[in-house]
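Encoded as structure tokens, the structure appears first; notes follow it.
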Amino acid sequence: MKISKIIAGFAASALAVSAMAVSVAAVDATGTDGEAGIAFAGGDWLAQYWLDGKEYPSTAHTTVITGDGTYTVSVDAAAEFEDEETGEMVTADGTADLAFAALQVVNGETLFPGMVITIDSVKFDGVEVALTGTPYTSSDDKVTTRVNLYNEWVDKLPEDARTIDGLAADATATPIDKAVGEWTTMEVTFTVTGTGVAAGEDVAEDDAADEDVAEDDAADDTAADDTADDTAADDTADTTTTTTGDKTTPDTGVEGVAAVAGLAIVAAGAVIVAKKRK
């Protein structure tokens with residue numbers, strides 16, 4: 001990328017932000033329920049990724065929260081722009097610094113009310129950066145769970161802000177410095193508490209319940225078969241002792257019913273370059 005293109009990108013970004021007055025647009029994360037990922041904008045706003053269901057040159061590596069436990073997510077930054085010489089769209093890996101960064105969980109407030117996320121580490125290209133304050137857990141419109149990592153537009157902590165011990169005195173929306181230099185991969189490791197279940201515990205319990213149901217069904221089927229055999233034997237005995245009249249054998253059977261519940265995933269519209277509150 002030529003220096004003139006970089007300068008033009010910075011100028012265009014600055015002009016756009018100024019013209020928009022960095023307007024507020026709270027956007028709910030979109031995707032699989034419980035899916036956690038990183039939303040960010042590079043320092044020049046060229047490389048971005050928002051969990052809004054849209055496609056970006058940047059690539060997110062997400063995970064699904066299933067209960068209390070430790071998880072890791074990451075994002076590979078990339079920017080797409082028009083080459084000034086050829087007029088073709090070019091994709092370049094990496095970015096520099098931060099304009100915004102946050103960990104978000106799709107529908108987290110509904111799935112796990114009161115869930116607290118503690119940031120264990122934040123790394124850029126494998127190098128951990130120091131936290132200058134305590135990150136807090138809060139929500140976007142009581143739907144998306146969020147932990148701001150760098151959000152300079154938060155005027156005051158939201159009412160639902162929480163940390164592992166209530167609300168830390170040094171809780172902040174900018175726990176990491178925006179001046180992180182050039183980077184390609186951002187990785188966040190975090191610990192979830194307050195869900196009421198251990199990660200994967202609900203799945204194990206469901207599997208055990210399914211096994212019990214299967215065993216009960218097998219026992220019921222065996223009992224039904226035994227009853228059918230006994231009935232057939234009785235009918236045979238009746239036939240041999242009856243010399244007149246018609247013999248009618250009724251049909252018998254055991255029928256099982258399975259119910260399947262579908263998950264409705266509601267996608268909300270999003271603004272690519274948006275100032276984030278909370």
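In the structure tokens, the first chain shown is A, the next is B, and so on; residue numbers restart at 1 for each chain, and ligands run from 1 in the order shown.
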
Running DSSP on the backbone, which parts of stretch 28-155 of chain A land in strand (DSSP E), as a CSV table (one decimal) with N, CA and C atoms, in the first residue's frame?
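Listing of states_2.csv after writing:
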chain,number,residue,atom,x,y,z
A,35,GLU,N,-22.9,-17.2,21.1
A,35,GLU,CA,-21.7,-17.1,20.4
A,35,GLU,C,-20.9,-15.8,20.9
A,36,ALA,N,-19.7,-16.0,21.2
A,36,ALA,CA,-18.8,-14.9,21.7
A,36,ALA,C,-17.8,-14.6,20.6
A,37,GLY,N,-17.5,-13.3,20.4
A,37,GLY,CA,-16.5,-12.9,19.4
A,37,GLY,C,-16.1,-11.5,19.7
A,38,ILE,N,-15.1,-11.1,18.9
A,38,ILE,CA,-14.5,-9.7,19.1
A,38,ILE,C,-15.0,-8.8,18.0
A,39,ALA,N,-15.6,-7.7,18.4
A,39,ALA,CA,-15.9,-6.6,17.4
A,39,ALA,C,-14.8,-5.5,17.5
A,40,PHE,N,-14.4,-5.0,16.4
A,40,PHE,CA,-13.3,-4.0,16.5
A,40,PHE,C,-13.3,-3.1,15.2
A,41,ALA,N,-12.6,-2.0,15.4
A,41,ALA,CA,-12.2,-1.1,14.2
A,41,ALA,C,-10.8,-0.7,14.5
A,42,GLY,N,-10.0,-0.9,13.4
A,42,GLY,CA,-8.6,-0.4,13.5
A,42,GLY,C,-8.5,1.1,13.6
A,48,GLN,N,-12.1,-3.6,9.9
A,48,GLN,CA,-13.2,-3.7,10.9
A,48,GLN,C,-13.7,-5.1,11.0
A,49,TYR,N,-14.5,-5.3,12.0
A,49,TYR,CA,-15.3,-6.5,12.1
A,49,TYR,C,-16.4,-6.3,13.2
A,59,THR,N,-11.4,-11.7,9.6
A,59,THR,CA,-12.0,-13.0,9.9
A,59,THR,C,-12.1,-13.2,11.4
A,60,ALA,N,-13.2,-13.6,11.9
A,60,ALA,CA,-13.4,-13.8,13.3
A,60,ALA,C,-13.4,-15.3,13.6
A,61,HIS,N,-12.8,-15.6,14.8
A,61,HIS,CA,-12.7,-17.0,15.3
A,61,HIS,C,-13.5,-17.0,16.6
A,63,THR,N,-16.5,-18.6,19.6
A,63,THR,CA,-16.8,-19.7,20.4
A,63,THR,C,-18.2,-19.6,21.0
A,64,VAL,N,-18.8,-20.7,21.4
A,64,VAL,CA,-20.1,-20.6,21.9
A,64,VAL,C,-20.1,-20.9,23.4
A,69,GLY,N,-16.7,-21.2,32.7
A,69,GLY,CA,-15.5,-21.8,32.2
A,69,GLY,C,-14.7,-20.8,31.5
A,70,THR,N,-13.5,-21.2,31.0
A,70,THR,CA,-12.6,-20.3,30.3
A,70,THR,C,-12.6,-20.5,28.8
A,71,TYR,N,-12.7,-19.4,28.0
A,71,TYR,CA,-12.8,-19.5,26.6
A,71,TYR,C,-11.8,-18.6,25.9
A,72,THR,N,-11.5,-18.8,24.6
A,72,THR,CA,-10.6,-17.9,23.9
A,72,THR,C,-11.2,-17.7,22.5
A,73,VAL,N,-11.2,-16.4,22.1
A,73,VAL,CA,-11.6,-16.0,20.8
A,73,VAL,C,-10.6,-15.1,20.2
A,74,SER,N,-10.6,-14.9,18.8
A,74,SER,CA,-9.7,-14.1,18.2
A,74,SER,C,-10.3,-13.5,16.9
A,75,VAL,N,-9.5,-12.5,16.3
A,75,VAL,CA,-10.0,-12.0,15.0
A,75,VAL,C,-8.7,-11.6,14.2
A,76,ASP,N,-8.7,-11.9,13.0
A,76,ASP,CA,-7.6,-11.6,12.1
A,76,ASP,C,-8.0,-10.3,11.3
A,78,ALA,N,-8.1,-7.3,8.6
A,78,ALA,CA,-7.8,-7.1,7.2
A,78,ALA,C,-8.6,-5.9,6.7
A,79,ALA,N,-8.1,-5.2,5.7
A,79,ALA,CA,-8.8,-4.1,5.1
A,79,ALA,C,-8.9,-4.2,3.6
A,80,GLU,N,-10.0,-3.7,3.1
A,80,GLU,CA,-10.3,-3.7,1.6
A,80,GLU,C,-10.4,-2.3,1.1
A,81,PHE,N,-9.6,-2.0,0.1
A,81,PHE,CA,-9.7,-0.7,-0.5
A,81,PHE,C,-9.4,-0.7,-2.0
A,82,GLU,N,-9.6,0.4,-2.6
A,82,GLU,CA,-9.4,0.5,-4.1
A,82,GLU,C,-8.0,0.9,-4.4
A,89,MET,N,-10.1,-3.6,-6.4
A,89,MET,CA,-10.2,-3.7,-5.0
A,89,MET,C,-9.1,-4.6,-4.5
A,90,VAL,N,-8.4,-4.2,-3.4
A,90,VAL,CA,-7.3,-4.9,-2.9
A,90,VAL,C,-7.5,-5.2,-1.4
A,91,THR,N,-7.2,-6.4,-1.0
A,91,THR,CA,-7.3,-6.7,0.5
A,91,THR,C,-5.9,-6.8,1.1
A,92,ALA,N,-5.7,-6.1,2.2
A,92,ALA,CA,-4.4,-6.1,2.9
A,92,ALA,C,-4.6,-6.6,4.3
A,93,ASP,N,-3.8,-7.5,4.7
A,93,ASP,CA,-3.8,-8.0,6.1
A,93,ASP,C,-3.3,-7.0,7.1
A,95,THR,N,-3.6,-4.2,10.5
A,95,THR,CA,-4.0,-2.8,10.8
A,95,THR,C,-3.1,-2.2,11.8
A,96,ALA,N,-3.4,-1.0,12.3
A,96,ALA,CA,-2.6,-0.4,13.3
A,96,ALA,C,-3.5,0.3,14.4
A,98,LEU,N,-6.1,0.9,17.6
A,98,LEU,CA,-7.5,0.6,17.8
A,98,LEU,C,-8.4,1.9,17.8
A,99,ALA,N,-9.5,1.8,17.2
A,99,ALA,CA,-10.5,2.9,17.3
A,99,ALA,C,-11.6,2.4,18.2
A,100,PHE,N,-11.8,1.1,18.2
A,100,PHE,CA,-12.8,0.4,19.1
A,100,PHE,C,-12.5,-1.1,19.2
A,101,ALA,N,-12.8,-1.6,20.4
A,101,ALA,CA,-12.7,-3.1,20.5
A,101,ALA,C,-13.6,-3.5,21.7
A,102,ALA,N,-14.3,-4.7,21.5
A,102,ALA,CA,-15.1,-5.2,22.6
A,102,ALA,C,-15.4,-6.7,22.4
A,103,LEU,N,-15.5,-7.4,23.5
A,103,LEU,CA,-15.9,-8.8,23.4
A,103,LEU,C,-17.5,-8.8,23.5
A,104,GLN,N,-18.2,-9.5,22.7
A,104,GLN,CA,-19.6,-9.5,22.7
A,104,GLN,C,-20.1,-11.0,22.6
A,105,VAL,N,-21.3,-11.2,23.3
A,105,VAL,CA,-21.9,-12.5,23.3
A,105,VAL,C,-23.4,-12.3,22.8
A,116,VAL,N,-21.1,-12.9,34.4
A,116,VAL,CA,-20.0,-12.0,34.5
A,116,VAL,C,-18.8,-12.5,33.7
A,117,ILE,N,-18.2,-11.7,32.9
A,117,ILE,CA,-17.0,-12.1,32.1
A,117,ILE,C,-15.8,-11.4,32.6
A,118,THR,N,-14.8,-12.2,33.0
A,118,THR,CA,-13.5,-11.6,33.4
A,118,THR,C,-12.5,-11.8,32.4
A,119,ILE,N,-11.8,-10.7,32.0
A,119,ILE,CA,-10.8,-10.8,30.9
A,119,ILE,C,-9.5,-11.3,31.5
A,120,ASP,N,-9.0,-12.4,31.0
A,120,ASP,CA,-7.8,-13.0,31.6
A,120,ASP,C,-6.6,-12.4,30.8
A,121,SER,N,-6.7,-12.3,29.5
A,121,SER,CA,-5.6,-11.7,28.7
A,121,SER,C,-6.0,-11.2,27.4
A,122,VAL,N,-5.3,-10.2,26.9
A,122,VAL,CA,-5.5,-9.7,25.6
A,122,VAL,C,-4.2,-9.7,24.9
A,123,LYS,N,-4.1,-10.3,23.7
A,123,LYS,CA,-2.8,-10.4,23.0
A,123,LYS,C,-3.0,-9.9,21.6
A,124,PHE,N,-1.9,-9.2,21.1
A,124,PHE,CA,-1.8,-8.8,19.7
A,124,PHE,C,-0.6,-9.5,19.1
A,127,VAL,N,1.5,-11.3,21.6
A,127,VAL,CA,2.1,-10.5,22.7
A,127,VAL,C,1.1,-9.9,23.6
A,128,GLU,N,1.1,-10.2,24.8
A,128,GLU,CA,0.1,-9.8,25.8
A,128,GLU,C,0.3,-8.3,26.1
A,138,SER,N,-21.5,-5.7,30.7
A,138,SER,CA,-22.7,-5.0,30.7
A,138,SER,C,-23.5,-5.5,29.5
A,139,SER,N,-24.5,-4.8,29.1
A,139,SER,CA,-25.4,-5.2,28.0
A,139,SER,C,-25.6,-4.2,26.9
A,140,ASP,N,-26.0,-4.6,25.7
A,140,ASP,CA,-26.5,-3.7,24.7
A,140,ASP,C,-28.0,-3.9,24.6
A,144,THR,N,-27.5,-8.2,24.0
A,144,THR,CA,-26.1,-8.6,23.8
A,144,THR,C,-25.3,-8.3,25.0
A,145,THR,N,-24.5,-9.3,25.5
A,145,THR,CA,-23.6,-9.1,26.6
A,145,THR,C,-22.3,-8.5,26.0
A,146,ARG,N,-21.8,-7.5,26.6
A,146,ARG,CA,-20.6,-6.8,26.1
A,146,ARG,C,-19.5,-6.6,27.2
A,147,VAL,N,-18.3,-6.7,26.8
A,147,VAL,CA,-17.2,-6.2,27.7
A,147,VAL,C,-16.3,-5.3,26.8
A,148,ASN,N,-16.4,-4.0,27.1
A,148,ASN,CA,-15.6,-3.0,26.3
A,148,ASN,C,-14.1,-3.2,26.6
A,149,LEU,N,-13.3,-3.3,25.6
A,149,LEU,CA,-11.9,-3.3,25.7
A,149,LEU,C,-11.3,-2.0,25.4
A,150,TYR,N,-11.8,-1.3,24.4
A,150,TYR,CA,-11.5,0.1,24.1
A,150,TYR,C,-12.7,0.8,23.5

Shell around A:Ala161 at 10 Å using only C-alpha atoms, local window under 2 positions removed, as a PyMOL selection string: chain A and resi 114+116+135-139+146-147+157-159+163+166-168+171-172+278

Top pick for closest residue to A:Gly94, considering A:Trp50, A:Phe190, A:Trp183, A:Trp153 and counting only C-alpha atoms: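 Among the listed residues, A:Trp183 lies closest to A:Gly94.
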
Write out as a PDB file with N, CA and C atoms, in the first residue's frame the residues lying within 12 Å of A:Thr66, counting only C-alpha atoms and excluding same-chain residues fewer than 3 positions away.
ATOM      1  N   THR A  32     -25.247 -17.266  16.313  1.00  0.00           N
ATOM      2  CA  THR A  32     -25.730 -18.360  17.146  1.00  0.00           C
ATOM      3  C   THR A  32     -25.882 -17.895  18.585  1.00  0.00           C
ATOM      4  N   ASP A  33     -26.965 -18.269  19.244  1.00  0.00           N
ATOM      5  CA  ASP A  33     -27.160 -17.903  20.645  1.00  0.00           C
ATOM      6  C   ASP A  33     -25.960 -18.359  21.477  1.00  0.00           C
ATOM      7  N   GLY A  34     -25.422 -17.430  22.276  1.00  0.00           N
ATOM      8  CA  GLY A  34     -24.278 -17.741  23.121  1.00  0.00           C
ATOM      9  C   GLY A  34     -22.936 -17.587  22.439  1.00  0.00           C
ATOM     10  N   GLU A  35     -22.935 -17.230  21.146  1.00  0.00           N
ATOM     11  CA  GLU A  35     -21.678 -17.095  20.412  1.00  0.00           C
ATOM     12  C   GLU A  35     -20.928 -15.840  20.854  1.00  0.00           C
ATOM     13  N   ALA A  36     -19.657 -16.020  21.208  1.00  0.00           N
ATOM     14  CA  ALA A  36     -18.816 -14.906  21.664  1.00  0.00           C
ATOM     15  C   ALA A  36     -17.773 -14.594  20.604  1.00  0.00           C
ATOM     16  N   THR A  63     -16.475 -18.554  19.610  1.00  0.00           N
ATOM     17  CA  THR A  63     -16.783 -19.750  20.382  1.00  0.00           C
ATOM     18  C   THR A  63     -18.177 -19.585  20.964  1.00  0.00           C
ATOM     19  N   GLY A  69     -16.745 -21.223  32.682  1.00  0.00           N
ATOM     20  CA  GLY A  69     -15.519 -21.812  32.156  1.00  0.00           C
ATOM     21  C   GLY A  69     -14.651 -20.760  31.503  1.00  0.00           C
ATOM     22  N   THR A  70     -13.524 -21.187  30.962  1.00  0.00           N
ATOM     23  CA  THR A  70     -12.582 -20.289  30.299  1.00  0.00           C
ATOM     24  C   THR A  70     -12.614 -20.522  28.791  1.00  0.00           C
ATOM     25  N   TYR A  71     -12.654 -19.441  28.028  1.00  0.00           N
ATOM     26  CA  TYR A  71     -12.794 -19.499  26.580  1.00  0.00           C
ATOM     27  C   TYR A  71     -11.775 -18.559  25.923  1.00  0.00           C
ATOM     28  N   VAL A 105     -21.307 -11.172  23.274  1.00  0.00           N
ATOM     29  CA  VAL A 105     -21.946 -12.485  23.322  1.00  0.00           C
ATOM     30  C   VAL A 105     -23.363 -12.349  22.799  1.00  0.00           C
ATOM     31  N   GLY A 108     -26.586 -12.969  25.059  1.00  0.00           N
ATOM     32  CA  GLY A 108     -26.043 -13.398  26.347  1.00  0.00           C
ATOM     33  C   GLY A 108     -26.891 -13.021  27.541  1.00  0.00           C
ATOM     34  N   LEU A 111     -29.811 -15.580  27.718  1.00  0.00           N
ATOM     35  CA  LEU A 111     -29.379 -16.938  28.041  1.00  0.00           C
ATOM     36  C   LEU A 111     -28.868 -17.060  29.467  1.00  0.00           C
ATOM     37  N   PHE A 112     -28.020 -16.094  29.872  1.00  0.00           N
ATOM     38  CA  PHE A 112     -27.365 -16.169  31.179  1.00  0.00           C
ATOM     39  C   PHE A 112     -27.484 -14.833  31.906  1.00  0.00           C
ATOM     40  N   MET A 115     -24.636 -13.012  34.111  1.00  0.00           N
ATOM     41  CA  MET A 115     -23.335 -13.576  33.770  1.00  0.00           C
ATOM     42  C   MET A 115     -22.251 -12.510  33.878  1.00  0.00           C
ATOM     43  N   THR A 191     -12.862 -15.618  31.288  1.00  0.00           N
ATOM     44  CA  THR A 191     -13.519 -16.599  32.142  1.00  0.00           C
ATOM     45  C   THR A 191     -14.944 -16.157  32.428  1.00  0.00           C
ATOM     46  N   VAL A 192     -15.880 -17.082  32.265  1.00  0.00           N
ATOM     47  CA  VAL A 192     -17.301 -16.818  32.489  1.00  0.00           C
ATOM     48  C   VAL A 192     -17.731 -17.400  33.825  1.00  0.00           C
ATOM     49  N   THR A 193     -18.447 -16.611  34.622  1.00  0.00           N
ATOM     50  CA  THR A 193     -19.014 -17.075  35.884  1.00  0.00           C
ATOM     51  C   THR A 193     -20.447 -16.571  36.002  1.00  0.00           C
ATOM     52  N   GLY A 194     -21.208 -17.212  36.895  1.00  0.00           N
ATOM     53  CA  GLY A 194     -22.563 -16.742  37.171  1.00  0.00           C
ATOM     54  C   GLY A 194     -23.640 -17.318  36.285  1.00  0.00           C
ATOM     55  N   THR A 195     -23.318 -18.321  35.446  1.00  0.00           N
ATOM     56  CA  THR A 195     -24.342 -18.911  34.583  1.00  0.00           C
ATOM     57  C   THR A 195     -25.170 -19.965  35.312  1.00  0.00           C
ATOM     58  N   GLY A 196     -24.625 -20.504  36.414  1.00  0.00           N
ATOM     59  CA  GLY A 196     -25.336 -21.545  37.161  1.00  0.00           C
ATOM     60  C   GLY A 196     -25.005 -22.949  36.713  1.00  0.00           C
ATOM     61  N   VAL A 197     -24.254 -23.082  35.616  1.00  0.00           N
ATOM     62  CA  VAL A 197     -23.854 -24.407  35.130  1.00  0.00           C
ATOM     63  C   VAL A 197     -22.403 -24.354  34.663  1.00  0.00           C
ATOM     64  N   ALA A 198     -21.730 -25.494  34.740  1.00  0.00           N
ATOM     65  CA  ALA A 198     -20.377 -25.578  34.204  1.00  0.00           C
ATOM     66  C   ALA A 198     -20.459 -25.776  32.703  1.00  0.00           C
ATOM     67  N   ALA A 199     -19.454 -25.333  31.988  1.00  0.00           N
ATOM     68  CA  ALA A 199     -19.445 -25.474  30.538  1.00  0.00           C
ATOM     69  C   ALA A 199     -19.625 -26.934  30.152  1.00  0.00           C
ATOM     70  N   GLY A 200     -20.643 -27.215  29.328  1.00  0.00           N
ATOM     71  CA  GLY A 200     -20.905 -28.572  28.869  1.00  0.00           C
ATOM     72  C   GLY A 200     -21.709 -29.419  29.821  1.00  0.00           C
ATOM     73  N   GLU A 201     -21.973 -28.916  31.026  1.00  0.00           N
ATOM     74  CA  GLU A 201     -22.694 -29.722  32.014  1.00  0.00           C
ATOM     75  C   GLU A 201     -24.108 -30.035  31.569  1.00  0.00           C
ATOM     76  N   ASP A 202     -24.789 -29.030  30.994  1.00  0.00           N
ATOM     77  CA  ASP A 202     -26.169 -29.246  30.563  1.00  0.00           C
ATOM     78  C   ASP A 202     -26.241 -30.311  29.469  1.00  0.00           C
ATOM     79  N   VAL A 203     -25.222 -30.327  28.599  1.00  0.00           N
ATOM     80  CA  VAL A 203     -25.194 -31.316  27.525  1.00  0.00           C
ATOM     81  C   VAL A 203     -25.056 -32.719  28.098  1.00  0.00           C
ATOM     82  N   ALA A 204     -24.171 -32.886  29.082  1.00  0.00           N
ATOM     83  CA  ALA A 204     -23.961 -34.197  29.696  1.00  0.00           C
ATOM     84  C   ALA A 204     -25.219 -34.683  30.389  1.00  0.00           C
TER      85      ALA A 204
END

Computed interatomic separation between atom CA of A:Glu88 and atom CA of A:Lys54 (Å): 21.7 Å

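If you measure from each of A:Asp170, A:Asp155, A:Glu55, A:Glu85 to A:Thr132 using only C-alpha atoms, the closest one turns out to be A:Asp170.
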
Minimum-distance residue to A:Glu109, chosen among A:Gly181, A:Lys142, A:Met186, A:Thr134 (using only C-alpha atoms):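 Closest candidate: A:Lys142.
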